[in-house]
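Chemist: Dropping a structure here in structure tokens format, bear with me for questions.
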Amino acid sequence: MTIGGKEIEVMGIISPDDFNSGRCFQLGGGSSAALRSSQAVKKCFSNPFKSVCKLSSKENRQKSFQNCKPRHDPYAPNSLVMPRPDNNHQWMFSKNCFPVVDVVIDPHLVFHLRPHQKEGIIFLYECVMGMRVNGKCGAILADEMGLGKTLQCISLIWTLQCQGPYGGKPVIKKTLIVSPGSLVNNWRKEFQKWLGIERIKIFTVDQDHKVEEFTKSPFYSVLIISYEMLLRSLDQIKNIKFDLLICDEGHRLKNSTIKTATALISLACEKRIILTGTPVQNDLQEFFALIDFVNPGILGSLPSYRKIYEEPIIKSRQPSASEEEKELGERRAAELTCLTGLFVLRRTQEVINKYLPPKIENVVFCRPGALQIELYRKLLNSQAVRFCLQGLLENSSHLICIGALKKLCNHPCLLFSSVKEKECSSTWDENEERNLYEGLINVFPADYNPLMFTEEESGKLQVLSKLLAVIHELCPDEKVVLVSNYTQTLNILQEVCKRHGYAYTRLDGQTQISQRQQIVDGFNSQYSSDFIFLLSSKAGGVGLNLIGGSHLILYDIDWNPATDIQAMSRVWRDGQKHPVHIYRLLTTGTIEEKIYQRQISKQGLSGAVVDLTKTCDHIQFSVEELKNLFTLHESSHCVTHDLLDCECTGENHTGDSLEKLPVFRNCQLGTHQQKSDSLKPVSMSQLKQWKHFSGDHLNLTDPFLERIRENVSFFFQNITNQTTAI
Ligand SMILES: Nc1ncnc2c1ncn2[C@@H]1O[C@H](COP(=O)(O)OP(=O)(O)OP(=O)(O)O)[C@@H](O)[C@H]1O
Ligand SMILES: [Mg+2]
């Protein structure tokens with residue numbers, strides 16, 4: 001037949017089943033199962049006599065086979081033995097027909113491993129050995145935060161470096177680990193923690209230790225480098241033959257056009273592992289980039305992936321989708337999950353809950369101070385806000401208004417400084433900030449000095465100050481991690497520490513990368529005298545272990561729930577000895593409550609909001625939404641509670657424990673594989689199940705909350721691992 005001027009010949013018929021699942025489009029046109037190495041494999045022709053001839057001397061052959069013993073006893077109790085390769089794998093990879101030898105994880109490591117880590121190591125081993133997907137050696141380990149992805153990788157590296165299934169010959173010689181700058185030394189520490197300093201020689205790149213040193217020395221087998229440094233040393237790195245590449249916090253590779261991604265893609269190494277605590281399936285395009293990075297070509301080209309998977313899946317989710325479209329989308333999503341599930345592994349925090357102490361999570365609604373309320377009203381009445389609500393201003397002007405309100409919630413002195421700064425700026429006259437700040441200065445006392453700020457001026461600061469005092473008094477051995485998104489706010493918090501004489505340490509974007517681990521270690525050490533760790537969530541939210549602290553206070557809220565949840569996970573981790581107390585401070589009735597509601601409502605969960613790189617700039621607001629954002633609720637104890645349709649009057653509503661309720665993730669691949677996922681914020685209905693009470697409630701059993709109740713209008717509380725709660 002002729003279609004569009006082209007002559008077409010029908011060569012065969014695709015079964016509806018193969019078409020609907022999308023299998024007919026995959027490599028070789030077979031089923032996805034054909035990708036598994038256990039199925040028929042293609043192997044380039046090689047001379048079948050070559051290897052036999054080489055070993056033709058019986059003596060030689062026997063000699064070399066005699067040495068082929070497992071490095072550790074596979075039959076010892078509790079031994080962790082890797083799966084043996086099947087016949088096809090042996091046919092593909094066994095050089096010189098060496099006998100198959102058991103690969104056994106070092107018992108020294110096995111002793112420490114949690115069950116999920118043992119499974120994870122087997123999974124990684126099978127992936128990088130090409131035993132799960134024929135001819136592909138990549139994996140994504142997307143376990144939630146704190147599950148010990150580092151230890152799983154270290155176990156893999158140590159094993160592959162000393163052992164292999166064919167004649168016991170090591171599989172890898174050199175490994176490249178790329179991580180965010182602040183985690184480079186954490187990797188070094190973890191290597192030392194689990195393997196000591198003798199077993200494996202690792203090299204970390206920094207200002208004083210250049211890649212050349214690694215290249216010249218035969219001792220080192222592992223190179224750890226930050227993403228930034230990698231770009232600078234790419235030429236040298238390209239000249240080194242790495243056998244294994246690990247990208248920590250690798251979700252940053254989700255955009256294949258950014259420099260770091262193109263640099264890493266250009267490396268020849270085919271055994272590639274991405275580590276990330278962030279769910280990877282929230283955006284189908286980004287998902288493709290990550291999958292294509294670890295296993296290039298497995299999903300075909302980007303245009304064909306779009307046509308076969310992305311478009312039908314997205315179409316099927318539209319309310320207007322026909323039954324047929326829905327069915328096709330679901331089948332394609334199922335096929336994609338099935339295919340990628342072979343080399344993507346994600347376990348949730350629940351698997352380590354039982355090893356962790358109780359976690360007491362509080363959302364604390366702080367009453368704003370009088371000056372805050374007055375300034376808030378003034379800002380809402382400004383011309384800039386009014387123009388925003390009429391849709392009259394430029395696209396981004398609402399962001400300026402939101403920024404000002406958020407600053408005010410943290411402390412009025414921050415707003416004062418911004419106004420003063422702008423007054424001096426040359427662009428002030430044309431700037432819409434002028435419309436926003438007009439007349440604001442008059443609300444401040446005439447002699448207002450931002451450096452002499454008081455705690456009473458900010459509801460949250462007052463609560464914070466009391467909270468620190470009660471922790472210091474009741475738990476003198478315990479420490480606090482104090483988190484903010486803003487350096488300026490951290491300055492204020494630091495000043496509060498100084499005024500009260502609390503010893504503190506600080507990590508923010510300006511902290512030298514080389515010093516970061518030292519600061520973290522200092523704080524975690526039992527000998528440290530620091531009481532407070534001031535942390536910028538943008539600089540240190542991901543990957544850090546701050547188990548020295550058992551109280552974590554989130555001073556401000558981010559649009560992106562993932563930023564907050566990442567920060568909150570820094571203390572409730574393996575190794576934590578004390579019950580963990582988390583306090584999330586919000587100013588009652590203000591924009592902070594609105595942002596919180598957005599985090600936990602359906603709307604906030606749409607799209608890829610659980611992605612750390614997404615900021616407020618990505619959010620589109622309708623005029624209706626802006627109206628809601630720019631409203632101050634002065635008479636409510638808690639607007640969030642008002643929205644819950646809860647019948648209680650704030651009289652200690654003891655909800656069910658959150659643990660009983662499933663928490664669902666927002667996964668673009670559909671509902672069929674949704675699982676509990678703690679990176680996703682609680683939903684409105686789950687929050688309703690939390691214990692909650694107004695600040696006026698009489699019987700507060702929590703001594704910490706008791707001390708701050710005067711400035712608090714409402715609390716929500718949830719305890720995880722309550723059975724062991726102290
Ligand atoms: N089996 C174990 N026993 C005791 N401690 C462990 C074990 N596994 C990991 N840890 C410790 O738990 C902490 C968290 O581990 P790690 O930093 O590897 O988490 P992660 O999965 O990379 O989390 P994130 O996504 O936040 O980076 C580390 O201090 C690590 O030493
Ligand atoms: Mg990590």
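Letters for chains follow the order of the structure tokens (A, B, ...), residue numbers begin at 1 for each chain, and ligand numbers begin at 1 in the order shown.
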Where does chain A meet ligand 2 within 7 Å, residue by residue, with the nearest atom pair and distance in Å to one decimal for each, counting only C-alpha atoms and all ligand atoms, listed by chain and rising number, as JSON lines?
Modeler:
```
{"residue": "A:Met145", "atom": "CA", "partner": "ligand 2", "partner_atom_place_in_ligand_line": "1 (Mg)", "distance": 6.9}
{"residue": "A:Gly146", "atom": "CA", "partner": "ligand 2", "partner_atom_place_in_ligand_line": "1 (Mg)", "distance": 7.0}
{"residue": "A:Lys149", "atom": "CA", "partner": "ligand 2", "partner_atom_place_in_ligand_line": "1 (Mg)", "distance": 6.0}
{"residue": "A:Thr150", "atom": "CA", "partner": "ligand 2", "partner_atom_place_in_ligand_line": "1 (Mg)", "distance": 5.9}
{"residue": "A:Asp248", "atom": "CA", "partner": "ligand 2", "partner_atom_place_in_ligand_line": "1 (Mg)", "distance": 6.5}
{"residue": "A:Glu249", "atom": "CA", "partner": "ligand 2", "partner_atom_place_in_ligand_line": "1 (Mg)", "distance": 6.7}
{"residue": "A:Gly543", "atom": "CA", "partner": "ligand 2", "partner_atom_place_in_ligand_line": "1 (Mg)", "distance": 4.4}
```
Chemist: Can those selected residues be exported to a file as a PDB file, in the first residue's frame so that it contains all heavy atoms?
Modeler:
```pdb
ATOM      1  N   MET A 145      16.449   8.196  52.138  1.00  0.00           N
ATOM      2  CA  MET A 145      17.566   8.747  52.900  1.00  0.00           C
ATOM      3  C   MET A 145      17.891   7.908  54.136  1.00  0.00           C
ATOM      4  O   MET A 145      16.983   7.482  54.839  1.00  0.00           O
ATOM      5  CB  MET A 145      17.189  10.146  53.373  1.00  0.00           C
ATOM      6  CG  MET A 145      16.840  11.064  52.272  1.00  0.00           C
ATOM      7  SD  MET A 145      15.593  12.244  52.820  1.00  0.00           S
ATOM      8  CE  MET A 145      14.206  11.222  53.130  1.00  0.00           C
ATOM      9  N   GLY A 146      19.168   7.743  54.353  1.00  0.00           N
ATOM     10  CA  GLY A 146      19.614   7.104  55.584  1.00  0.00           C
ATOM     11  C   GLY A 146      19.611   5.583  55.568  1.00  0.00           C
ATOM     12  O   GLY A 146      19.870   4.964  56.587  1.00  0.00           O
ATOM     13  N   LYS A 149      23.132   3.701  51.593  1.00  0.00           N
ATOM     14  CA  LYS A 149      23.511   3.430  50.207  1.00  0.00           C
ATOM     15  C   LYS A 149      25.035   3.396  50.094  1.00  0.00           C
ATOM     16  O   LYS A 149      25.598   2.667  49.297  1.00  0.00           O
ATOM     17  CB  LYS A 149      22.932   4.522  49.275  1.00  0.00           C
ATOM     18  CG  LYS A 149      21.427   4.495  49.208  1.00  0.00           C
ATOM     19  CD  LYS A 149      20.873   5.490  48.226  1.00  0.00           C
ATOM     20  CE  LYS A 149      20.769   6.901  48.765  1.00  0.00           C
ATOM     21  NZ  LYS A 149      19.785   7.071  49.824  1.00  0.00           N
ATOM     22  N   THR A 150      25.677   4.222  50.930  1.00  0.00           N
ATOM     23  CA  THR A 150      27.136   4.301  50.883  1.00  0.00           C
ATOM     24  C   THR A 150      27.750   2.953  51.255  1.00  0.00           C
ATOM     25  O   THR A 150      28.613   2.440  50.544  1.00  0.00           O
ATOM     26  CB  THR A 150      27.624   5.389  51.873  1.00  0.00           C
ATOM     27  OG1 THR A 150      26.693   6.458  51.858  1.00  0.00           O
ATOM     28  CG2 THR A 150      28.984   5.890  51.525  1.00  0.00           C
ATOM     29  N   ASP A 248      26.868   9.804  43.301  1.00  0.00           N
ATOM     30  CA  ASP A 248      26.053   9.979  44.508  1.00  0.00           C
ATOM     31  C   ASP A 248      25.154  11.200  44.326  1.00  0.00           C
ATOM     32  O   ASP A 248      25.552  12.167  43.690  1.00  0.00           O
ATOM     33  CB  ASP A 248      26.975  10.165  45.723  1.00  0.00           C
ATOM     34  CG  ASP A 248      26.213  10.023  47.035  1.00  0.00           C
ATOM     35  OD1 ASP A 248      25.043   9.583  47.004  1.00  0.00           O
ATOM     36  OD2 ASP A 248      26.792  10.344  48.090  1.00  0.00           O
ATOM     37  N   GLU A 249      23.984  11.156  44.926  1.00  0.00           N
ATOM     38  CA  GLU A 249      22.960  12.194  44.731  1.00  0.00           C
ATOM     39  C   GLU A 249      22.838  12.454  43.223  1.00  0.00           C
ATOM     40  O   GLU A 249      22.821  13.582  42.756  1.00  0.00           O
ATOM     41  CB  GLU A 249      23.336  13.490  45.478  1.00  0.00           C
ATOM     42  CG  GLU A 249      23.537  13.330  46.983  1.00  0.00           C
ATOM     43  CD  GLU A 249      22.283  12.884  47.744  1.00  0.00           C
ATOM     44  OE1 GLU A 249      21.175  13.000  47.196  1.00  0.00           O
ATOM     45  OE2 GLU A 249      22.438  12.394  48.873  1.00  0.00           O
ATOM     46  N   GLY A 543      22.367  14.221  52.181  1.00  0.00           N
ATOM     47  CA  GLY A 543      23.505  13.350  52.452  1.00  0.00           C
ATOM     48  C   GLY A 543      24.165  13.458  53.821  1.00  0.00           C
ATOM     49  O   GLY A 543      24.777  12.514  54.276  1.00  0.00           O
TER      50      GLY A 543
END
```
Chemist: All residues within 7 Å of ligand 1 are required, counting only C-alpha atoms and all ligand atoms; please report them as a PyMOL selection string.
Modeler: chain A and resi 112-114+143-151+190+276-277+542-545+573-575
Chemist: Grab the CA of Ile177 in chain A to CA of Ile246 in chain A distance for me, in Å with one decimal place.
Modeler: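 Between these atoms lies a distance of 4.7 Å.
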Chemist: Run DSSP on the backbone of this structure and report the residues of range 68-199 of chain A it assigns to alpha helix (DSSP H), as a PyMOL selection string.
Modeler: chain A and resi 87-93+107-110+115-128+149-162+184-195
Chemist: Rounded to one decimal, what separation in Å do you get between CA of Pro303 in chain A and CA of Lys259 in chain A?
Modeler: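 So the two atoms, CA of Pro303 in chain A and CA of Lys259 in chain A, lie 21.5 Å apart.
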Chemist: Which residue out of A:Val133, A:Leu356, A:Val496, A:Leu705 has the minimum interatomic distance to Gln576 in chain A when only C-alpha atoms are used?
Modeler: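 Selected residue with least distance to Gln576 in chain A: A:Leu356.
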Chemist: Please provide as a PyMOL selection string all residues within 8 Å of Leu342 in chain A, with the sequence filter that same-chain residues fewer than 2 positions apart are discarded (counting only C-alpha atoms).
Modeler: chain A and resi 132-133+338-340+344
Chemist: From the set A:Tyr227, A:Trp194, A:Asn295, A:Cys68, which residue has the shortest atom-to-atom contact distance to Ile258 in chain A, counting only C-alpha atoms?
Modeler: A:Tyr227
Chemist: Neighbours of His251 in chain A within 10 Å (only C-alpha atoms; same-chain residues fewer than 2 positions away dropped), as a PyMOL selection string?
Modeler: chain A and resi 140+142+247-249+253-255+274-280+286-287+289-290+611-613
Chemist: Can you build me a table of range 258-360 of chain A residues sitting at most 12 Å from range 582-589 of chain A, with the closest atom pair per residue and its distance in Å to one decimal, using only C-alpha atoms, sorted by chain and residue number, as a tab-separated table?
Modeler:
```
residue	atom	partner	partner_atom	distance
A:Pro358	CA	A:Ile582	CA	10.9
A:Lys359	CA	A:Ile582	CA	7.5
A:Ile360	CA	A:Ile582	CA	6.2
```
Chemist: Output all heavy atoms of each residue in that selection to a file, as a CSV table (one decimal), in the first residue's frame.
Modeler:
```csv
chain,number,residue,atom,x,y,z
A,358,PRO,N,12.6,6.4,68.8
A,358,PRO,CA,11.3,7.0,68.4
A,358,PRO,C,11.6,8.4,67.8
A,358,PRO,O,12.6,9.0,68.1
A,358,PRO,CB,10.6,7.2,69.8
A,358,PRO,CG,11.4,6.4,70.8
A,358,PRO,CD,12.7,6.1,70.2
A,359,LYS,N,10.6,8.8,67.0
A,359,LYS,CA,10.7,10.2,66.4
A,359,LYS,C,9.4,10.9,66.8
A,359,LYS,O,8.3,10.4,66.5
A,359,LYS,CB,10.9,10.1,64.9
A,359,LYS,CG,10.8,11.4,64.2
A,359,LYS,CD,11.2,11.4,62.8
A,359,LYS,CE,10.0,10.8,62.0
A,359,LYS,NZ,10.2,11.0,60.5
A,360,ILE,N,9.6,12.0,67.4
A,360,ILE,CA,8.4,12.8,67.8
A,360,ILE,C,8.4,14.1,67.0
A,360,ILE,O,9.3,14.9,67.1
A,360,ILE,CB,8.5,13.2,69.3
A,360,ILE,CG1,8.6,11.9,70.1
A,360,ILE,CG2,7.3,14.0,69.7
A,360,ILE,CD1,9.6,11.9,71.2
```
Chemist: Which of these residues is nearest to Cys162 in chain A, using only C-alpha atoms: A:Asp645, A:Glu710, A:Asp283, A:Asp106?
Modeler: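 So, comparing all the options, the nearest one is A:Asp106.
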Chemist: Counting only C-alpha atoms, which of A:Ser382, A:Gln494, A:Gln599, A:Asn711 gets nearest to His637 in chain A?
Modeler: A:Asn711
Chemist: Tell me, as a PyMOL selection string, which residues lie within 12 Å of Asn20 in chain A, counting only C-alpha atoms; anything in the same chain fewer than 6 positions away does not count.
Modeler: chain A and resi 14+308-309+312-313+324-336
Chemist: Set the distance at 9 Å and use only C-alpha atoms: which residues neighbour Asp477 in chain A once local chain neighbours fewer than 5 positions away are removed? I'd like the list as an MDAnalysis selection string.
Modeler: chainID A and resid 472 526 531
Chemist: Save the residues we just selected, N, CA and C atoms, as a PDB file, in the first residue's frame?
Modeler:
```pdb
ATOM      1  N   HIS A 472      18.062  22.766  76.631  1.00  0.00           N
ATOM      2  CA  HIS A 472      19.325  22.931  77.347  1.00  0.00           C
ATOM      3  C   HIS A 472      19.177  22.529  78.809  1.00  0.00           C
ATOM      4  N   GLN A 526      31.134  12.985  70.707  1.00  0.00           N
ATOM      5  CA  GLN A 526      30.557  13.119  72.051  1.00  0.00           C
ATOM      6  C   GLN A 526      31.351  14.107  72.906  1.00  0.00           C
ATOM      7  N   PHE A 531      26.369  23.076  71.271  1.00  0.00           N
ATOM      8  CA  PHE A 531      24.986  22.737  71.608  1.00  0.00           C
ATOM      9  C   PHE A 531      24.123  22.818  70.350  1.00  0.00           C
TER      10      PHE A 531
END
```
Chemist: What does the distance between CA of Tyr555 in chain A and CA of Lys354 in chain A come to in Å, to one decimal place?
Modeler: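 Spanning CA of Tyr555 in chain A to CA of Lys354 in chain A is a straight-line distance of 28.5 Å.
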Chemist: As number ranges by chain, please: the residues near Val470 in chain A (cut-off 12 Å, only C-alpha atoms, same-chain neighbours under 3 positions excluded).
Modeler: A: 463-467, 473-476, 478-480, 551, 702-708
Chemist: Identify, with DSSP run on backbone atoms, the residues in range 356-496 of chain A assigned to strand (DSSP E), and express the list as a list in words.
Modeler: Lys359, Ile360, Glu361, Asn362, Val363, Val364, Phe365, Cys366, Val480, Val481, Leu482, Val483 and Ser484 of chain A
